[in-house]
Amino acid sequence: MDSIAEAVITVDKDFKVTFINDAAERITGFKKSEILGQYCRHFFDSNFCEYNCPIVNVLKSEKNVYDRETEINCNGKGKIPIKLNAAILKDGLNQPVGGVISFRDISALKELSGILKSETNYHGYVGKSKKILNIFKLIDEISDTDAPIIITGETGTGKEIIANAVQTVSKRKSKKYIKVNCSVIPPNLIISELFGHVKGAFTDAKYDRIGRFEFADGGTIFLDEICDLPIEAQPKLLRFLQEGTFERLGESTTRNADVRVIAATNKNIESEIKKGSFREDLYYRLDVINIELPPLRERKDDLPLLINFFIKKYENIYNKKIKDIDAASLEILMEYSFPGNTRELENIIEYSVIRTKNEGTICACLLPNKLRSKIKCKGKSEITEDLHNNELIELLNKYQWNRNKVASVLGIDRTTIWRRLKSMGLEK
Amino acid sequence: MLANHHFMIRNYLDATITFEKVIAKGGASKSIRKKIIICYVILFQIEKAIHEFLSLIQEDITFITDTNLQDEDCPCPELISEIEINKINFSDKEKKMALGILWLYCDLDTSLRYFEEYHKEYGQNIKINEIISIIKTFKNQIIQEKQ
């Protein structure tokens, strides 16, 4: 029980705590020695204790409680949000002898969902730069239409997230949403995949099979990597976009489907048209609404926001608390061109969170090698030897004598600066 | 267990109903009887409370006198103070009995004093006489053990 991440507490018939595992001790901040044998409500003081106790609910309804969201009082941390499960413990005669509650801390999840709901997070797409806010506005404006959309942008710019957002705000949000990556389906199968086939249409066609368009009838289809759609399949898609009709492979019956098409590509469509690998008429048919996602290097204003977002995301996944990212790391990231865009930034932050100690700060030496190859991150012990007094004073002047900021830039503790200033006679 | 929860959150009416169901099924433990006495007092069912109280102290008076008020989350101190300042309104006769019962969970001498006051003011009552006798005998035992 002590090795699991889920907190577990058991109580006896009098609702006195009989067991508390390590995770519960860690989350609540109460020591086993102080809580065992005590009434649970005296410690946790949750908003349900009096009139909606989960164990009492189980006793009354004879149904276990799953994933109930509530808050409990924690030692020195105030109230924290949790999700809990509850069940009754019974003896050999099937008589209740106590209860068991398991729960997990969902503070980080709550924080993340708060960020997700914020103005700078549009259905999972994070940004506040002018270009991005204009895209959010455009998606809101087109929410009532069924017009095809093409999303363009370099790899890693979040085309799929934008496609999801378009679908989420559309009037088809509760209908089917089918995603097809045109680059992963073998060219000889793509027509069958998209439009279906009948038995005997080709060697392995042993049964009739509906295609993705027919399956998505009434909903939305997202065609990712549209430029990888084989040229022979493109007239079928064009016809579907024009008339909403198609035939299954090997069949002459014309069928209808009402499907909204969202397409995306990281390629330059004009050059694909020039090369002859993409039909111009199909492009113009898809290009009713064009959403062009800027690369990350063109929206550096969003970097701190994105960094914070990904830190929160991976804090939760790796069960860590990260204080911040230091100024030196931020400077390195601001200078970097991010050829892999937001996906690359996400990977960088994930890597750094993994390497950062719990309750630590992401410092430059914890960034991936490719970013810090020319950076020498000063360890705590090096600072006193390496840094000349005048350099320290220069830095302090630069940051208006904000010792915290200077300490953060140097990757050292604030007290180290205080000691150095004291030795220089500049601090009492 | 459900009754214990009602008792813990001071929902004495539901606690009484649930305890009585348990007792009816033959599950009258000393712990349940100890709690239902308090419930009866606070629900103005003094006769029932006296009956159960006498029965329990005849069997094992220490089960009440050894109450650890804090560990057992005993509501007697708060109830006593409310009864003594007439926030909970009993007739004087019932008040003495109620306080006599509840004080035994907290202090033997004060409990005895209330029962003796009752005896002095309202005369003979077989059950009260029996209660006074049991408490006095127990008190003497304690004194003798100390000597």
# chains A, B, ... in the order shown; residues from 1 in each chain; ligands from 1
call {"tool": "residues_around", "arguments": {"residues": "Glu84 in chain B", "least_positions_apart": "2", "cutoff": "12 Å", "atoms": "only C-alpha atoms", "output": "PyMOL selection string"}}
result
chain B and resi 76-82+86-92+94-96+98-100+102-103+114
call {"tool": "write_last_selection", "arguments": {"atoms": "N, CA, C and O atoms", "output": "short mmCIF file (atom, residue, chain, number, x, y, z; two decimals), in the first residue's frame"}}
result
data_model
loop_
_atom_site.label_atom_id
_atom_site.label_comp_id
_atom_site.auth_asym_id
_atom_site.auth_seq_id
_atom_site.Cartn_x
_atom_site.Cartn_y
_atom_site.Cartn_z
N CYS B 76 -21.01 15.25 25.55
CA CYS B 76 -21.59 15.61 26.85
C CYS B 76 -21.20 17.00 27.36
O CYS B 76 -22.08 17.75 27.80
N PRO B 77 -19.91 17.38 27.30
CA PRO B 77 -19.59 18.71 27.83
C PRO B 77 -20.39 19.83 27.17
O PRO B 77 -20.92 20.71 27.86
N GLU B 78 -20.53 19.77 25.84
CA GLU B 78 -21.27 20.85 25.16
C GLU B 78 -22.76 20.78 25.50
O GLU B 78 -23.42 21.81 25.68
N LEU B 79 -23.29 19.56 25.63
CA LEU B 79 -24.71 19.42 25.96
C LEU B 79 -24.98 19.89 27.38
O LEU B 79 -25.97 20.58 27.65
N ILE B 80 -24.08 19.53 28.31
CA ILE B 80 -24.23 19.95 29.71
C ILE B 80 -24.29 21.47 29.80
O ILE B 80 -25.17 22.04 30.44
N SER B 81 -23.36 22.11 29.12
CA SER B 81 -23.33 23.58 29.24
C SER B 81 -24.60 24.20 28.65
O SER B 81 -25.12 25.18 29.18
N GLU B 82 -25.12 23.59 27.58
CA GLU B 82 -26.36 24.13 26.99
C GLU B 82 -27.56 23.89 27.91
O GLU B 82 -28.45 24.73 27.99
N ASN B 86 -29.87 26.66 30.30
CA ASN B 86 -31.24 26.57 29.77
C ASN B 86 -31.37 26.88 28.29
O ASN B 86 -32.43 27.34 27.83
N LYS B 87 -30.30 26.66 27.56
CA LYS B 87 -30.39 26.81 26.11
C LYS B 87 -31.20 25.65 25.55
O LYS B 87 -31.91 25.77 24.56
N ILE B 88 -31.07 24.51 26.21
CA ILE B 88 -31.96 23.38 25.92
C ILE B 88 -32.91 23.33 27.11
O ILE B 88 -32.47 23.16 28.25
N ASN B 89 -34.18 23.49 26.83
CA ASN B 89 -35.15 23.72 27.90
C ASN B 89 -35.81 22.46 28.44
O ASN B 89 -36.70 21.91 27.82
N PHE B 90 -35.37 22.02 29.59
CA PHE B 90 -36.02 20.91 30.29
C PHE B 90 -36.82 21.47 31.46
O PHE B 90 -36.54 22.58 31.93
N SER B 91 -37.79 20.67 31.95
CA SER B 91 -38.41 21.04 33.23
C SER B 91 -37.33 20.81 34.28
O SER B 91 -36.36 20.07 34.04
N ASP B 92 -37.47 21.41 35.46
CA ASP B 92 -36.42 21.28 36.48
C ASP B 92 -36.18 19.82 36.86
O ASP B 92 -35.05 19.39 37.05
N GLU B 94 -36.71 17.09 35.00
CA GLU B 94 -36.00 16.39 33.91
C GLU B 94 -34.56 16.88 33.79
O GLU B 94 -33.65 16.11 33.47
N LYS B 95 -34.40 18.17 34.07
CA LYS B 95 -33.05 18.76 33.96
C LYS B 95 -32.08 18.06 34.91
O LYS B 95 -30.95 17.75 34.55
N LYS B 96 -32.54 17.80 36.13
CA LYS B 96 -31.66 17.15 37.11
C LYS B 96 -31.29 15.73 36.66
O LYS B 96 -30.15 15.30 36.82
N ALA B 98 -31.34 14.63 33.51
CA ALA B 98 -30.50 14.74 32.31
C ALA B 98 -29.05 15.06 32.69
O ALA B 98 -28.10 14.42 32.21
N LEU B 99 -28.89 16.04 33.60
CA LEU B 99 -27.53 16.43 33.99
C LEU B 99 -26.85 15.33 34.80
O LEU B 99 -25.64 15.12 34.68
N GLY B 100 -27.66 14.63 35.62
CA GLY B 100 -27.11 13.50 36.38
C GLY B 100 -26.53 12.47 35.43
O GLY B 100 -25.42 11.95 35.64
N LEU B 102 -25.63 12.85 32.09
CA LEU B 102 -24.53 13.36 31.25
C LEU B 102 -23.25 13.63 32.04
O LEU B 102 -22.14 13.42 31.54
N TRP B 103 -23.43 14.08 33.31
CA TRP B 103 -22.22 14.36 34.10
C TRP B 103 -21.44 13.10 34.42
O TRP B 103 -20.22 13.15 34.64
N TYR B 114 -26.31 15.80 41.24
CA TYR B 114 -27.58 16.08 40.55
C TYR B 114 -28.64 15.02 40.88
O TYR B 114 -29.81 15.35 41.10
#
call {"tool": "interface_residues", "arguments": {"of": "chain B", "to": "chain A", "cutoff": "12 Å", "atoms": "only C-alpha atoms", "output": "list in words"}}
result
Met1, Leu2, Ala3, Asn4, His5, His6, Phe7, Met8, Ile9, Arg10, Asn11, Thr18, Val22, Gly27, Ser31, Ile32, Lys35, Gln70, Asp71, Glu72, Asp73 and Cys74 of chain B
call {"tool": "residues_around", "arguments": {"residues": "range 315-323 of chain A", "least_positions_apart": "3", "cutoff": "8 Å", "atoms": "only C-alpha atoms", "output": "list in words"}}
result
Ala108, Leu109, Ile311, Lys312, Val353, Ile354, Thr356, Lys357, Asn358, Glu359, Gly360, Thr361 and Ile362 of chain A
call {"tool": "residues_around", "arguments": {"residues": "range 40-44 of chain B", "least_positions_apart": "2", "cutoff": "8 Å", "atoms": "only C-alpha atoms", "output": "list in words"}}
result
Tyr12, Leu13, Thr16, Ile36, Ile37, Ile38, Ile46, Lys48, Ala49, Leu79, Phe90 and Ala98 of chain B
call {"tool": "write_last_selection", "arguments": {"atoms": "N, CA, C and O atoms", "output": "PDB file, in the first residue's frame"}}
result
ATOM      1  N   TYR B  12     -28.835  13.623  16.281  1.00  0.00           N
ATOM      2  CA  TYR B  12     -29.260  12.655  17.290  1.00  0.00           C
ATOM      3  C   TYR B  12     -30.526  11.898  16.902  1.00  0.00           C
ATOM      4  O   TYR B  12     -30.693  10.738  17.274  1.00  0.00           O
ATOM      5  N   LEU B  13     -31.396  12.534  16.157  1.00  0.00           N
ATOM      6  CA  LEU B  13     -32.645  11.861  15.780  1.00  0.00           C
ATOM      7  C   LEU B  13     -32.351  10.667  14.860  1.00  0.00           C
ATOM      8  O   LEU B  13     -32.776   9.536  15.145  1.00  0.00           O
ATOM      9  N   THR B  16     -30.506   7.944  16.713  1.00  0.00           N
ATOM     10  CA  THR B  16     -31.396   7.130  17.558  1.00  0.00           C
ATOM     11  C   THR B  16     -32.143   6.093  16.728  1.00  0.00           C
ATOM     12  O   THR B  16     -32.180   4.907  17.084  1.00  0.00           O
ATOM     13  N   ILE B  36     -26.678   5.804  22.757  1.00  0.00           N
ATOM     14  CA  ILE B  36     -28.128   6.025  22.637  1.00  0.00           C
ATOM     15  C   ILE B  36     -28.687   6.707  23.899  1.00  0.00           C
ATOM     16  O   ILE B  36     -29.677   7.435  23.830  1.00  0.00           O
ATOM     17  N   ILE B  37     -28.015   6.501  25.024  1.00  0.00           N
ATOM     18  CA  ILE B  37     -28.445   7.191  26.264  1.00  0.00           C
ATOM     19  C   ILE B  37     -28.378   8.706  26.035  1.00  0.00           C
ATOM     20  O   ILE B  37     -29.311   9.444  26.344  1.00  0.00           O
ATOM     21  N   ILE B  38     -27.280   9.142  25.456  1.00  0.00           N
ATOM     22  CA  ILE B  38     -27.095  10.587  25.186  1.00  0.00           C
ATOM     23  C   ILE B  38     -28.167  11.066  24.208  1.00  0.00           C
ATOM     24  O   ILE B  38     -28.759  12.141  24.373  1.00  0.00           O
ATOM     25  N   ILE B  46     -36.458  11.166  28.457  1.00  0.00           N
ATOM     26  CA  ILE B  46     -35.711  10.956  29.695  1.00  0.00           C
ATOM     27  C   ILE B  46     -35.978   9.582  30.320  1.00  0.00           C
ATOM     28  O   ILE B  46     -35.053   8.946  30.820  1.00  0.00           O
ATOM     29  N   LYS B  48     -36.693   6.775  28.839  1.00  0.00           N
ATOM     30  CA  LYS B  48     -35.921   5.774  28.093  1.00  0.00           C
ATOM     31  C   LYS B  48     -34.437   5.892  28.448  1.00  0.00           C
ATOM     32  O   LYS B  48     -33.728   4.894  28.583  1.00  0.00           O
ATOM     33  N   ALA B  49     -33.982   7.139  28.573  1.00  0.00           N
ATOM     34  CA  ALA B  49     -32.569   7.377  28.881  1.00  0.00           C
ATOM     35  C   ALA B  49     -32.226   6.793  30.243  1.00  0.00           C
ATOM     36  O   ALA B  49     -31.204   6.099  30.398  1.00  0.00           O
ATOM     37  N   LEU B  79     -23.293  19.557  25.629  1.00  0.00           N
ATOM     38  CA  LEU B  79     -24.714  19.417  25.962  1.00  0.00           C
ATOM     39  C   LEU B  79     -24.981  19.894  27.380  1.00  0.00           C
ATOM     40  O   LEU B  79     -25.969  20.584  27.646  1.00  0.00           O
ATOM     41  N   PHE B  90     -35.367  22.016  29.595  1.00  0.00           N
ATOM     42  CA  PHE B  90     -36.018  20.905  30.292  1.00  0.00           C
ATOM     43  C   PHE B  90     -36.824  21.475  31.463  1.00  0.00           C
ATOM     44  O   PHE B  90     -36.541  22.582  31.933  1.00  0.00           O
ATOM     45  N   ALA B  98     -31.336  14.632  33.514  1.00  0.00           N
ATOM     46  CA  ALA B  98     -30.496  14.744  32.307  1.00  0.00           C
ATOM     47  C   ALA B  98     -29.051  15.063  32.690  1.00  0.00           C
ATOM     48  O   ALA B  98     -28.102  14.422  32.208  1.00  0.00           O
TER      49      ALA B  98
END
call {"tool": "atom_distance", "arguments": {"atom1": "CA of Leu93 in chain A", "atom2": "CA of Lys63 in chain A"}}
result
18.4 Å
call {"tool": "residues_around", "arguments": {"residues": "Asn268 in chain A", "least_positions_apart": "2", "cutoff": "12 Å", "atoms": "only C-alpha atoms", "output": "CSV table (one decimal) with C-alpha atoms, in the first residue's frame"}}
result
chain,number,residue,atom,x,y,z
A,151,ILE,CA,-4.8,24.7,-42.3
A,152,THR,CA,-1.2,25.3,-43.3
A,153,GLY,CA,1.9,25.7,-41.3
A,154,GLU,CA,5.3,24.2,-40.6
A,155,THR,CA,5.6,20.9,-38.8
A,225,GLU,CA,-1.0,15.8,-44.8
A,226,ILE,CA,-3.4,16.4,-47.6
A,227,CYS,CA,-0.5,17.0,-50.1
A,228,ASP,CA,0.4,13.3,-49.7
A,264,ALA,CA,-4.0,20.4,-43.3
A,265,THR,CA,-0.5,20.3,-44.7
A,266,ASN,CA,3.0,21.5,-43.8
A,270,GLU,CA,1.6,26.3,-54.6
A,271,SER,CA,4.9,24.6,-55.2
A,272,GLU,CA,3.2,21.2,-55.0
A,273,ILE,CA,0.8,22.4,-57.7
A,274,LYS,CA,3.7,23.6,-59.8
A,275,LYS,CA,5.3,20.2,-59.4
A,277,SER,CA,1.6,16.5,-57.4
A,278,PHE,CA,-1.5,18.5,-56.2
A,283,TYR,CA,-6.7,23.4,-53.8
A,292,GLU,CA,-2.1,29.8,-41.8
call {"tool": "atom_distance", "arguments": {"atom1": "CA of Leu108 in chain B", "atom2": "CA of Thr65 in chain B"}}
result
6.9 Å
call {"tool": "residues_around", "arguments": {"residues": "Phe53 in chain B", "least_positions_apart": "5", "cutoff": "9 Å", "atoms": "only C-alpha atoms", "output": "ChimeraX atom specification"}}
result
/B:33-34,37,48,58,101,131
call {"tool": "select_by_dssp", "arguments": {"residues": "range 138-188 of chain A", "states": "helix (DSSP H, G or I)", "output": "ChimeraX atom specification"}}
result
/A:138-141,159-169
call {"tool": "residues_around", "arguments": {"residues": "range 204-208 of chain A", "least_positions_apart": "2", "cutoff": "12 Å", "atoms": "only C-alpha atoms", "output": "VMD selection string"}}
result
chain A and resid 189 192 to 193 195 to 202 210 to 211 248 to 251
call {"tool": "closest_residue", "arguments": {"among": "B:Glu47, B:Glu59, B:Asp14, B:Glu20", "to": "Lys127 in chain B", "atoms": "only C-alpha atoms"}}
result
B:Glu47
call {"tool": "select_by_dssp", "arguments": {"residues": "range 69-196 of chain A", "states": "strand (DSSP E or B)", "output": "PyMOL selection string"}}
result
chain A and resi 69-74+78-90+96-105+121-122+125-126+149-152+177-181+196
call {"tool": "write_last_selection", "arguments": {"atoms": "C-alpha atoms", "output": "PDB file, in the first residue's frame"}}
result
ATOM      1  CA  GLU A  69     -14.385  15.622  -6.714  1.00  0.00           C
ATOM      2  CA  THR A  70     -14.072  17.461  -3.433  1.00  0.00           C
ATOM      3  CA  GLU A  71     -11.590  19.245  -1.182  1.00  0.00           C
ATOM      4  CA  ILE A  72      -9.813  18.163   1.975  1.00  0.00           C
ATOM      5  CA  ASN A  73      -8.013  20.089   4.610  1.00  0.00           C
ATOM      6  CA  CYS A  74      -4.278  19.478   4.593  1.00  0.00           C
ATOM      7  CA  GLY A  78      -5.033  24.586   3.457  1.00  0.00           C
ATOM      8  CA  LYS A  79      -7.656  22.878   1.339  1.00  0.00           C
ATOM      9  CA  ILE A  80      -6.617  20.966  -1.758  1.00  0.00           C
ATOM     10  CA  PRO A  81      -8.821  19.509  -4.496  1.00  0.00           C
ATOM     11  CA  ILE A  82      -8.965  15.734  -4.666  1.00  0.00           C
ATOM     12  CA  LYS A  83     -10.783  12.982  -6.500  1.00  0.00           C
ATOM     13  CA  LEU A  84     -11.802  10.126  -4.275  1.00  0.00           C
ATOM     14  CA  ASN A  85     -13.252   6.638  -4.305  1.00  0.00           C
ATOM     15  CA  ALA A  86     -14.964   5.084  -1.302  1.00  0.00           C
ATOM     16  CA  ALA A  87     -16.031   1.598  -0.317  1.00  0.00           C
ATOM     17  CA  ILE A  88     -17.138  -0.263   2.772  1.00  0.00           C
ATOM     18  CA  LEU A  89     -15.055  -2.870   4.572  1.00  0.00           C
ATOM     19  CA  LYS A  90     -17.118  -5.830   5.756  1.00  0.00           C
ATOM     20  CA  PRO A  96     -19.764  -3.200   7.820  1.00  0.00           C
ATOM     21  CA  VAL A  97     -16.712  -2.820  10.017  1.00  0.00           C
ATOM     22  CA  GLY A  98     -15.236   0.255   8.448  1.00  0.00           C
ATOM     23  CA  GLY A  99     -14.575   2.098   5.236  1.00  0.00           C
ATOM     24  CA  VAL A 100     -11.771   2.748   2.816  1.00  0.00           C
ATOM     25  CA  ILE A 101     -11.150   5.950   0.915  1.00  0.00           C
ATOM     26  CA  SER A 102      -8.590   6.294  -1.826  1.00  0.00           C
ATOM     27  CA  PHE A 103      -7.840   9.646  -3.357  1.00  0.00           C
ATOM     28  CA  ARG A 104      -5.403  11.644  -5.449  1.00  0.00           C
ATOM     29  CA  ASP A 105      -4.367  15.251  -5.443  1.00  0.00           C
ATOM     30  CA  ASN A 121      -5.739  29.009 -24.390  1.00  0.00           C
ATOM     31  CA  TYR A 122      -8.151  28.346 -27.205  1.00  0.00           C
ATOM     32  CA  TYR A 125      -3.962  26.004 -28.492  1.00  0.00           C
ATOM     33  CA  VAL A 126      -1.875  28.359 -26.370  1.00  0.00           C
ATOM     34  CA  ILE A 149     -10.950  24.625 -44.311  1.00  0.00           C
ATOM     35  CA  ILE A 150      -7.297  24.234 -45.093  1.00  0.00           C
ATOM     36  CA  ILE A 151      -4.770  24.683 -42.322  1.00  0.00           C
ATOM     37  CA  THR A 152      -1.188  25.341 -43.344  1.00  0.00           C
ATOM     38  CA  TYR A 177     -15.067  13.507 -36.036  1.00  0.00           C
ATOM     39  CA  ILE A 178     -12.828  11.277 -38.143  1.00  0.00           C
ATOM     40  CA  LYS A 179      -9.102  11.868 -38.571  1.00  0.00           C
ATOM     41  CA  VAL A 180      -7.186  10.510 -41.528  1.00  0.00           C
ATOM     42  CA  ASN A 181      -3.474  10.960 -42.049  1.00  0.00           C
ATOM     43  CA  GLY A 196     -15.128   2.254 -49.139  1.00  0.00           C
TER      44      GLY A 196
END
